[in-house]
>>> print(open('start-v1.pdb').read())   # PDB, C-alpha atoms, pLDDT in the B column
ATOM      1  CA  MET A   1      23.229  -7.511 -12.708  1.00 54.00           C
ATOM      2  CA  SER A   2      19.495  -7.444 -13.401  1.00 60.00           C
ATOM      3  CA  VAL A   3      16.885  -5.433 -11.524  1.00 60.00           C
ATOM      4  CA  ALA A   4      15.272  -8.719 -10.394  1.00 60.00           C
ATOM      5  CA  VAL A   5      18.506  -9.732  -8.635  1.00 60.00           C
ATOM      6  CA  LEU A   6      19.180  -6.315  -7.106  1.00 65.00           C
ATOM      7  CA  PHE A   7      15.546  -5.756  -6.119  1.00 75.00           C
ATOM      8  CA  PRO A   8      13.587  -9.009  -5.688  1.00 81.00           C
ATOM      9  CA  PRO A   9       9.756  -8.715  -5.829  1.00 87.00           C
ATOM     10  CA  ALA A  10       9.459  -8.548  -2.014  1.00 89.00           C
ATOM     11  CA  SER A  11      11.920  -5.631  -1.881  1.00 91.00           C
ATOM     12  CA  ARG A  12      10.180  -3.846  -4.747  1.00 94.00           C
ATOM     13  CA  ARG A  13       6.811  -4.161  -2.961  1.00 95.00           C
ATOM     14  CA  TYR A  14       8.385  -2.851   0.236  1.00 96.00           C
ATOM     15  CA  ILE A  15       9.992   0.132  -1.515  1.00 96.00           C
ATOM     16  CA  LEU A  16       6.743   0.986  -3.315  1.00 97.00           C
ATOM     17  CA  THR A  17       4.712   0.778  -0.077  1.00 97.00           C
ATOM     18  CA  SER A  18       7.315   2.878   1.744  1.00 96.00           C
ATOM     19  CA  VAL A  19       7.319   5.607  -0.892  1.00 97.00           C
ATOM     20  CA  ILE A  20       3.496   5.787  -0.988  1.00 98.00           C
ATOM     21  CA  THR A  21       3.091   5.855   2.809  1.00 97.00           C
ATOM     22  CA  SER A  22       5.912   8.395   3.240  1.00 96.00           C
ATOM     23  CA  VAL A  23       4.434  10.789   0.682  1.00 97.00           C
ATOM     24  CA  LEU A  24       0.930  10.360   2.107  1.00 97.00           C
ATOM     25  CA  TYR A  25       2.288  10.868   5.643  1.00 96.00           C
ATOM     26  CA  VAL A  26       3.951  14.190   4.796  1.00 95.00           C
ATOM     27  CA  VAL A  27       1.048  15.441   2.650  1.00 96.00           C
ATOM     28  CA  SER A  28      -1.555  14.520   5.288  1.00 95.00           C
ATOM     29  CA  ILE A  29       0.368  16.268   8.084  1.00 93.00           C
ATOM     30  CA  LYS A  30       0.737  19.381   5.925  1.00 93.00           C
ATOM     31  CA  ALA A  31      -2.984  19.262   5.083  1.00 93.00           C
ATOM     32  CA  ILE A  32      -4.017  18.799   8.722  1.00 92.00           C
ATOM     33  CA  SER A  33      -1.785  21.623   9.954  1.00 91.00           C
ATOM     34  CA  TRP A  34      -3.114  23.869   7.192  1.00 90.00           C
ATOM     35  CA  GLY A  35      -6.768  23.027   7.786  1.00 86.00           C
ATOM     36  CA  GLN A  36      -6.864  22.387  11.542  1.00 82.00           C
ATOM     37  CA  SER A  37      -8.761  25.608  12.210  1.00 79.00           C
ATOM     38  CA  GLN A  38     -11.481  24.569   9.743  1.00 82.00           C
ATOM     39  CA  LEU A  39     -11.584  20.956  10.870  1.00 78.00           C
ATOM     40  CA  GLY A  40     -13.124  20.402  14.229  1.00 77.00           C
ATOM     41  CA  GLY A  41     -13.943  17.580  16.616  1.00 84.00           C
ATOM     42  CA  PRO A  42     -14.602  14.225  14.946  1.00 87.00           C
ATOM     43  CA  LEU A  43     -13.379  15.436  11.526  1.00 88.00           C
ATOM     44  CA  LEU A  44      -9.992  16.395  12.954  1.00 89.00           C
ATOM     45  CA  TRP A  45      -9.752  13.107  14.831  1.00 89.00           C
ATOM     46  CA  GLY A  46     -10.620  11.290  11.618  1.00 90.00           C
ATOM     47  CA  ALA A  47      -8.019  13.242   9.630  1.00 92.00           C
ATOM     48  CA  ILE A  48      -5.346  12.276  12.149  1.00 94.00           C
ATOM     49  CA  LEU A  49      -6.040   8.625  11.351  1.00 96.00           C
ATOM     50  CA  VAL A  50      -4.422   9.178   7.917  1.00 96.00           C
ATOM     51  CA  PRO A  51      -0.811   9.771   9.111  1.00 97.00           C
ATOM     52  CA  VAL A  52      -1.314   7.207  11.893  1.00 97.00           C
ATOM     53  CA  GLY A  53      -2.507   4.715   9.285  1.00 98.00           C
ATOM     54  CA  CYS A  54       0.593   5.466   7.178  1.00 97.00           C
ATOM     55  CA  ILE A  55       2.790   4.586  10.156  1.00 97.00           C
ATOM     56  CA  ALA A  56       0.855   1.353  10.762  1.00 98.00           C
ATOM     57  CA  VAL A  57       1.052   0.323   7.086  1.00 98.00           C
ATOM     58  CA  GLN A  58       4.770   1.168   6.914  1.00 97.00           C
ATOM     59  CA  LEU A  59       5.497  -0.961   9.999  1.00 97.00           C
ATOM     60  CA  TRP A  60       3.362  -3.800   8.621  1.00 97.00           C
ATOM     61  CA  ALA A  61       5.283  -3.607   5.305  1.00 97.00           C
ATOM     62  CA  THR A  62       8.580  -3.832   7.178  1.00 97.00           C
ATOM     63  CA  LEU A  63       7.432  -6.865   9.188  1.00 96.00           C
ATOM     64  CA  ARG A  64       6.048  -8.477   6.015  1.00 96.00           C
ATOM     65  CA  LEU A  65       9.394  -7.935   4.272  1.00 96.00           C
ATOM     66  CA  MET A  66      11.061  -9.822   7.131  1.00 96.00           C
ATOM     67  CA  THR A  67       8.860 -12.845   6.405  1.00 96.00           C
ATOM     68  CA  GLN A  68       9.616 -12.775   2.664  1.00 95.00           C
ATOM     69  CA  VAL A  69      13.415 -12.508   2.577  1.00 95.00           C
ATOM     70  CA  ASP A  70      15.918 -15.288   3.294  1.00 96.00           C
ATOM     71  CA  GLU A  71      17.037 -16.194   6.809  1.00 97.00           C
ATOM     72  CA  PHE A  72      20.197 -14.037   6.730  1.00 97.00           C
ATOM     73  CA  MET A  73      18.369 -10.886   5.638  1.00 96.00           C
ATOM     74  CA  ARG A  74      15.555 -11.631   8.118  1.00 97.00           C
ATOM     75  CA  ALA A  75      17.983 -11.938  11.027  1.00 97.00           C
ATOM     76  CA  LEU A  76      19.858  -8.814   9.899  1.00 97.00           C
ATOM     77  CA  LEU A  77      16.675  -6.738   9.554  1.00 96.00           C
ATOM     78  CA  ALA A  78      15.393  -7.984  12.918  1.00 97.00           C
ATOM     79  CA  ARG A  79      18.650  -7.030  14.693  1.00 97.00           C
ATOM     80  CA  ARG A  80      18.652  -3.570  13.106  1.00 97.00           C
ATOM     81  CA  PHE A  81      14.937  -3.108  13.907  1.00 97.00           C
ATOM     82  CA  ILE A  82      15.352  -4.074  17.568  1.00 97.00           C
ATOM     83  CA  ILE A  83      18.466  -1.943  18.138  1.00 98.00           C
ATOM     84  CA  ALA A  84      16.874   1.046  16.380  1.00 98.00           C
ATOM     85  CA  ALA A  85      13.749   0.638  18.549  1.00 98.00           C
ATOM     86  CA  CYS A  86      15.923   0.531  21.675  1.00 98.00           C
ATOM     87  CA  LEU A  87      17.715   3.724  20.619  1.00 98.00           C
ATOM     88  CA  ALA A  88      14.388   5.442  19.873  1.00 98.00           C
ATOM     89  CA  PHE A  89      13.083   4.474  23.348  1.00 97.00           C
ATOM     90  CA  ILE A  90      16.261   5.822  24.954  1.00 98.00           C
ATOM     91  CA  VAL A  91      16.265   9.119  23.031  1.00 98.00           C
ATOM     92  CA  ALA A  92      12.519   9.700  23.569  1.00 97.00           C
ATOM     93  CA  SER A  93      12.759   8.886  27.284  1.00 97.00           C
ATOM     94  CA  ALA A  94      15.827  11.086  27.741  1.00 98.00           C
ATOM     95  CA  TRP A  95      14.068  13.954  25.969  1.00 97.00           C
ATOM     96  CA  GLY A  96      10.997  13.433  28.142  1.00 96.00           C
ATOM     97  CA  PHE A  97      13.086  13.720  31.304  1.00 97.00           C
ATOM     98  CA  LEU A  98      14.781  16.826  29.909  1.00 98.00           C
ATOM     99  CA  GLU A  99      11.364  18.358  29.187  1.00 97.00           C
ATOM    100  CA  THR A 100      10.173  17.652  32.708  1.00 96.00           C
ATOM    101  CA  PHE A 101      13.266  18.601  34.657  1.00 97.00           C
ATOM    102  CA  ALA A 102      15.393  20.829  32.426  1.00 97.00           C
ATOM    103  CA  ARG A 103      12.610  22.687  30.633  1.00 95.00           C
ATOM    104  CA  VAL A 104      13.886  21.950  27.128  1.00 97.00           C
ATOM    105  CA  ASP A 105      11.535  22.486  24.173  1.00 97.00           C
ATOM    106  CA  HIS A 106       8.631  20.061  23.812  1.00 96.00           C
ATOM    107  CA  LEU A 107       9.132  17.191  21.353  1.00 95.00           C
ATOM    108  CA  PRO A 108       5.827  15.911  19.902  1.00 94.00           C
ATOM    109  CA  GLY A 109       5.244  12.232  20.683  1.00 94.00           C
ATOM    110  CA  TYR A 110       4.886  11.317  17.000  1.00 93.00           C
ATOM    111  CA  MET A 111       8.539  12.261  16.464  1.00 94.00           C
ATOM    112  CA  VAL A 112       9.528   8.933  18.036  1.00 96.00           C
ATOM    113  CA  TYR A 113       8.679   7.269  14.722  1.00 95.00           C
ATOM    114  CA  ALA A 114      11.077   9.539  12.817  1.00 95.00           C
ATOM    115  CA  ILE A 115      13.719   8.995  15.511  1.00 97.00           C
ATOM    116  CA  PHE A 116      13.281   5.229  15.082  1.00 97.00           C
ATOM    117  CA  TRP A 117      13.959   5.370  11.332  1.00 96.00           C
ATOM    118  CA  MET A 118      16.876   7.756  11.802  1.00 97.00           C
ATOM    119  CA  ALA A 119      18.333   5.283  14.295  1.00 98.00           C
ATOM    120  CA  PHE A 120      17.671   2.436  11.828  1.00 97.00           C
ATOM    121  CA  CYS A 121      19.623   4.287   9.117  1.00 97.00           C
ATOM    122  CA  ILE A 122      22.480   5.073  11.501  1.00 98.00           C
ATOM    123  CA  VAL A 123      22.893   1.528  12.877  1.00 98.00           C
ATOM    124  CA  SER A 124      22.383  -0.383   9.599  1.00 97.00           C
ATOM    125  CA  PRO A 125      25.915   0.126   8.173  1.00 97.00           C
ATOM    126  CA  PHE A 126      27.378  -1.150  11.462  1.00 97.00           C
ATOM    127  CA  ILE A 127      25.171  -4.240  11.797  1.00 97.00           C
ATOM    128  CA  ARG A 128      26.313  -6.505   8.985  1.00 95.00           C
ATOM    129  CA  SER A 129      26.512  -9.766  10.887  1.00 96.00           C
ATOM    130  CA  THR A 130      23.810 -11.913  12.482  1.00 95.00           C
ATOM    131  CA  ARG A 131      26.180 -13.338  15.089  1.00 87.00           C
TER     132      ARG A 131
ATOM    133  CA  MET B   1      31.005 -20.887  11.852  1.00 88.00           C
ATOM    134  CA  ARG B   2      34.086 -22.081   9.953  1.00 94.00           C
ATOM    135  CA  ASN B   3      33.191 -23.804   6.704  1.00 97.00           C
ATOM    136  CA  THR B   4      34.454 -24.933   3.303  1.00 97.00           C
ATOM    137  CA  LEU B   5      31.646 -23.361   1.322  1.00 98.00           C
ATOM    138  CA  LYS B   6      33.872 -21.002  -0.660  1.00 97.00           C
ATOM    139  CA  VAL B   7      36.174 -23.862  -1.725  1.00 98.00           C
ATOM    140  CA  LEU B   8      33.266 -26.131  -2.684  1.00 98.00           C
ATOM    141  CA  ARG B   9      31.678 -23.316  -4.669  1.00 98.00           C
ATOM    142  CA  ALA B  10      34.934 -22.439  -6.441  1.00 97.00           C
ATOM    143  CA  GLU B  11      35.528 -26.105  -7.347  1.00 97.00           C
ATOM    144  CA  ARG B  12      32.268 -26.025  -9.269  1.00 97.00           C
ATOM    145  CA  GLY B  13      32.978 -22.662 -10.863  1.00 98.00           C
ATOM    146  CA  TRP B  14      29.873 -21.097  -9.332  1.00 98.00           C
ATOM    147  CA  THR B  15      29.508 -17.449  -8.380  1.00 98.00           C
ATOM    148  CA  GLN B  16      27.910 -16.500  -5.063  1.00 98.00           C
ATOM    149  CA  ASN B  17      24.816 -15.591  -7.044  1.00 96.00           C
ATOM    150  CA  ASP B  18      24.772 -19.042  -8.717  1.00 97.00           C
ATOM    151  CA  LEU B  19      24.981 -20.781  -5.352  1.00 98.00           C
ATOM    152  CA  GLY B  20      22.342 -18.473  -3.878  1.00 97.00           C
ATOM    153  CA  GLU B  21      19.929 -19.326  -6.694  1.00 96.00           C
ATOM    154  CA  ARG B  22      20.507 -23.058  -6.176  1.00 97.00           C
ATOM    155  CA  LEU B  23      19.872 -22.698  -2.436  1.00 98.00           C
ATOM    156  CA  GLY B  24      16.999 -20.230  -2.704  1.00 96.00           C
ATOM    157  CA  VAL B  25      18.820 -17.505  -0.757  1.00 96.00           C
ATOM    158  CA  SER B  26      20.328 -14.131  -1.669  1.00 95.00           C
ATOM    159  CA  ARG B  27      23.914 -13.535  -2.794  1.00 95.00           C
ATOM    160  CA  GLN B  28      24.349 -11.577   0.437  1.00 95.00           C
ATOM    161  CA  ALA B  29      23.388 -14.670   2.428  1.00 97.00           C
ATOM    162  CA  VAL B  30      25.998 -16.792   0.604  1.00 98.00           C
ATOM    163  CA  ASN B  31      28.616 -14.106   1.220  1.00 97.00           C
ATOM    164  CA  ALA B  32      27.665 -13.938   4.907  1.00 98.00           C
ATOM    165  CA  LEU B  33      27.995 -17.726   5.234  1.00 98.00           C
ATOM    166  CA  GLU B  34      31.400 -17.750   3.530  1.00 98.00           C
ATOM    167  CA  THR B  35      32.743 -14.902   5.648  1.00 97.00           C
ATOM    168  CA  GLU B  36      31.304 -16.422   8.860  1.00 96.00           C
ATOM    169  CA  LYS B  37      28.958 -13.487   9.462  1.00 97.00           C
ATOM    170  CA  HIS B  38      25.955 -15.805   9.622  1.00 97.00           C
ATOM    171  CA  ASP B  39      25.477 -19.238  11.151  1.00 97.00           C
ATOM    172  CA  PRO B  40      22.996 -21.166   8.978  1.00 97.00           C
ATOM    173  CA  SER B  41      19.798 -22.637  10.316  1.00 97.00           C
ATOM    174  CA  LEU B  42      19.643 -26.430  10.444  1.00 97.00           C
ATOM    175  CA  ASP B  43      17.346 -26.361   7.405  1.00 97.00           C
ATOM    176  CA  LEU B  44      19.797 -24.288   5.331  1.00 98.00           C
ATOM    177  CA  ALA B  45      22.762 -26.403   6.479  1.00 98.00           C
ATOM    178  CA  TYR B  46      20.942 -29.546   5.316  1.00 98.00           C
ATOM    179  CA  ARG B  47      20.068 -27.877   1.986  1.00 98.00           C
ATOM    180  CA  ILE B  48      23.725 -26.975   1.443  1.00 98.00           C
ATOM    181  CA  ALA B  49      24.852 -30.485   2.386  1.00 98.00           C
ATOM    182  CA  ALA B  50      22.317 -32.031  -0.019  1.00 98.00           C
ATOM    183  CA  LEU B  51      23.419 -29.712  -2.839  1.00 98.00           C
ATOM    184  CA  PHE B  52      27.076 -30.687  -2.496  1.00 98.00           C
ATOM    185  CA  GLY B  53      26.306 -34.323  -1.652  1.00 98.00           C
ATOM    186  CA  LEU B  54      28.276 -34.170   1.582  1.00 98.00           C
ATOM    187  CA  PRO B  55      27.468 -34.571   5.297  1.00 97.00           C
ATOM    188  CA  VAL B  56      26.856 -31.277   7.136  1.00 97.00           C
ATOM    189  CA  GLU B  57      30.004 -31.704   9.221  1.00 95.00           C
ATOM    190  CA  ALA B  58      32.125 -32.068   6.081  1.00 96.00           C
ATOM    191  CA  ILE B  59      31.125 -28.504   5.198  1.00 98.00           C
ATOM    192  CA  PHE B  60      30.588 -26.813   8.572  1.00 97.00           C
ATOM    193  CA  HIS B  61      33.073 -27.215  11.405  1.00 94.00           C
ATOM    194  CA  ASN B  62      31.362 -28.556  14.517  1.00 92.00           C
ATOM    195  CA  PRO B  63      32.823 -26.543  17.429  1.00 89.00           C
ATOM    196  CA  HIS B  64      31.062 -28.779  19.959  1.00 91.00           C
ATOM    197  CA  ARG B  65      32.599 -32.052  18.842  1.00 88.00           C
ATOM    198  CA  PRO B  66      35.253 -33.188  21.377  1.00 89.00           C
ATOM    199  CA  ALA B  67      38.799 -33.111  19.990  1.00 79.00           C
ATOM    200  CA  GLY B  68      39.798 -36.446  18.461  1.00 71.00           C
ATOM    201  CA  ALA B  69      36.216 -37.718  18.305  1.00 65.00           C
TER     202      ALA B  69
END
>>> encode(input="start-v1.pdb", output="structure tokens")
Amino acid sequence: MSVAVLFPPASRRYILTSVITSVLYVVSIKAISWGQSQLGGPLLWGAILVPVGCIAVQLWATLRLMTQVDEFMRALLARRFIIAACLAFIVASAWGFLETFARVDHLPGYMVYAIFWMAFCIVSPFIRSTR
Amino acid sequence: MRNTLKVLRAERGWTQNDLGERLGVSRQAVNALETEKHDPSLDLAYRIAALFGLPVEAIFHNPHRPAGA
């Protein structure tokens, strides 16, 4: 089976965008945490736009992929996306309550994005039908 | 939705990939239709019917049609 069949152009674009944004996301966070004492005020705020931008571009790439695949894959991706988002909301909210009332360790707000993709990976093998 | 897609495809000696290419959908979509994991949109149902030269209801079982009608 050819690469074109296994990975149509829309999927290849999505994978490429995902790899670039993921690498840039990790590198930018490392760079910000390393240089946060040197960066101050507006420069730090500006630097934070890099990982935030990576998240925005990654989400846009995912939504664009949904518009470029066939109706079955679109419905499947949408179901997985919605259920993963619901799980991320639930986990983040539960952790927030635990922080407030049970004094568990603080979970940075940006971790909700990682939780969302973990949930997406966990639910995907179980959501194979659009019905 | 129950359908005769697998039989119609086999009669023509097409693979799922062949049928997907003719319909403009993925092999996974054809597999999902055949295994009743996906109900097609009206547009896709019409495309399938046109490809096989049959009415939609000759391919897809209409669960809403009254018995004997």
>>> interface_residues(input="start-v1.pdb", of="chain B", to="chain A", cutoff="9 Å", atoms="only C-alpha atoms", output="ChimeraX atom specification")
/B:17,24-30,32-33,36-41,44
>>> atom_distance(input="start-v1.pdb", atom1="atom CA of Ile15 of chain A", atom2="atom CA of Ser124 of chain A")
16.7 Å
>>> atom_distance(input="start-v1.pdb", atom1="atom CA of Asn3 of chain B", atom2="atom CA of Thr35 of chain B")
9.0 Å
>>> atom_distance(input="start-v1.pdb", atom1="atom CA of Glu34 of chain B", atom2="atom CA of Leu5 of chain B")
6.0 Å
>>> closest_residue(input="start-v1.pdb", among="B:Glu57, B:Asp43, B:Arg9, B:Ala50", to="Asn31 of chain B", atoms="all atoms listed in the file")
B:Arg9
>>> residues_around(input="start-v1.pdb", residues="segment 114-120 of chain A", least_positions_apart="4", cutoff="12 Å", atoms="all atoms listed in the file", output="VMD selection string")
chain A and resid 18 22 25 to 26 55 58 to 59 62 76 to 93 95 107 to 110 124 to 127
>>> resolve_selection(input="start-v1.pdb", expression="the PyMOL selection byres ((chain B and resi 61) around 8)", output="list of chain:residue names")
B:Met1, B:Arg2, B:Asn3, B:Glu57, B:Ala58, B:Ile59, B:Phe60, B:Asn62, B:Pro63
>>> resolve_selection(input="start-v1.pdb", expression="the PyMOL selection byres ((chain A and resi 28) around 12)", output="PDB file with C-alpha atoms, in the frame of the given file")
ATOM      1  CA  ILE A  20       3.496   5.787  -0.988  1.00 98.00           C
ATOM      2  CA  THR A  21       3.091   5.855   2.809  1.00 97.00           C
ATOM      3  CA  SER A  22       5.912   8.395   3.240  1.00 96.00           C
ATOM      4  CA  VAL A  23       4.434  10.789   0.682  1.00 97.00           C
ATOM      5  CA  LEU A  24       0.930  10.360   2.107  1.00 97.00           C
ATOM      6  CA  TYR A  25       2.288  10.868   5.643  1.00 96.00           C
ATOM      7  CA  VAL A  26       3.951  14.190   4.796  1.00 95.00           C
ATOM      8  CA  VAL A  27       1.048  15.441   2.650  1.00 96.00           C
ATOM      9  CA  ILE A  29       0.368  16.268   8.084  1.00 93.00           C
ATOM     10  CA  LYS A  30       0.737  19.381   5.925  1.00 93.00           C
ATOM     11  CA  ALA A  31      -2.984  19.262   5.083  1.00 93.00           C
ATOM     12  CA  ILE A  32      -4.017  18.799   8.722  1.00 92.00           C
ATOM     13  CA  SER A  33      -1.785  21.623   9.954  1.00 91.00           C
ATOM     14  CA  TRP A  34      -3.114  23.869   7.192  1.00 90.00           C
ATOM     15  CA  GLY A  35      -6.768  23.027   7.786  1.00 86.00           C
ATOM     16  CA  GLN A  36      -6.864  22.387  11.542  1.00 82.00           C
ATOM     17  CA  LEU A  44      -9.992  16.395  12.954  1.00 89.00           C
ATOM     18  CA  GLY A  46     -10.620  11.290  11.618  1.00 90.00           C
ATOM     19  CA  ALA A  47      -8.019  13.242   9.630  1.00 92.00           C
ATOM     20  CA  ILE A  48      -5.346  12.276  12.149  1.00 94.00           C
ATOM     21  CA  LEU A  49      -6.040   8.625  11.351  1.00 96.00           C
ATOM     22  CA  VAL A  50      -4.422   9.178   7.917  1.00 96.00           C
ATOM     23  CA  PRO A  51      -0.811   9.771   9.111  1.00 97.00           C
ATOM     24  CA  VAL A  52      -1.314   7.207  11.893  1.00 97.00           C
ATOM     25  CA  GLY A  53      -2.507   4.715   9.285  1.00 98.00           C
ATOM     26  CA  CYS A  54       0.593   5.466   7.178  1.00 97.00           C
ATOM     27  CA  ILE A  55       2.790   4.586  10.156  1.00 97.00           C
TER      28      ILE A  55
END
>>> axis_aligned_box(input="start-v1.pdb", around="segment 79-97 of chain A", padding_each_side="5 Å", output="JSON")
{"center_x": 14.8, "center_y": 3.5, "center_z": 22.2, "size_x": 17.7, "size_y": 31.0, "size_z": 28.2}
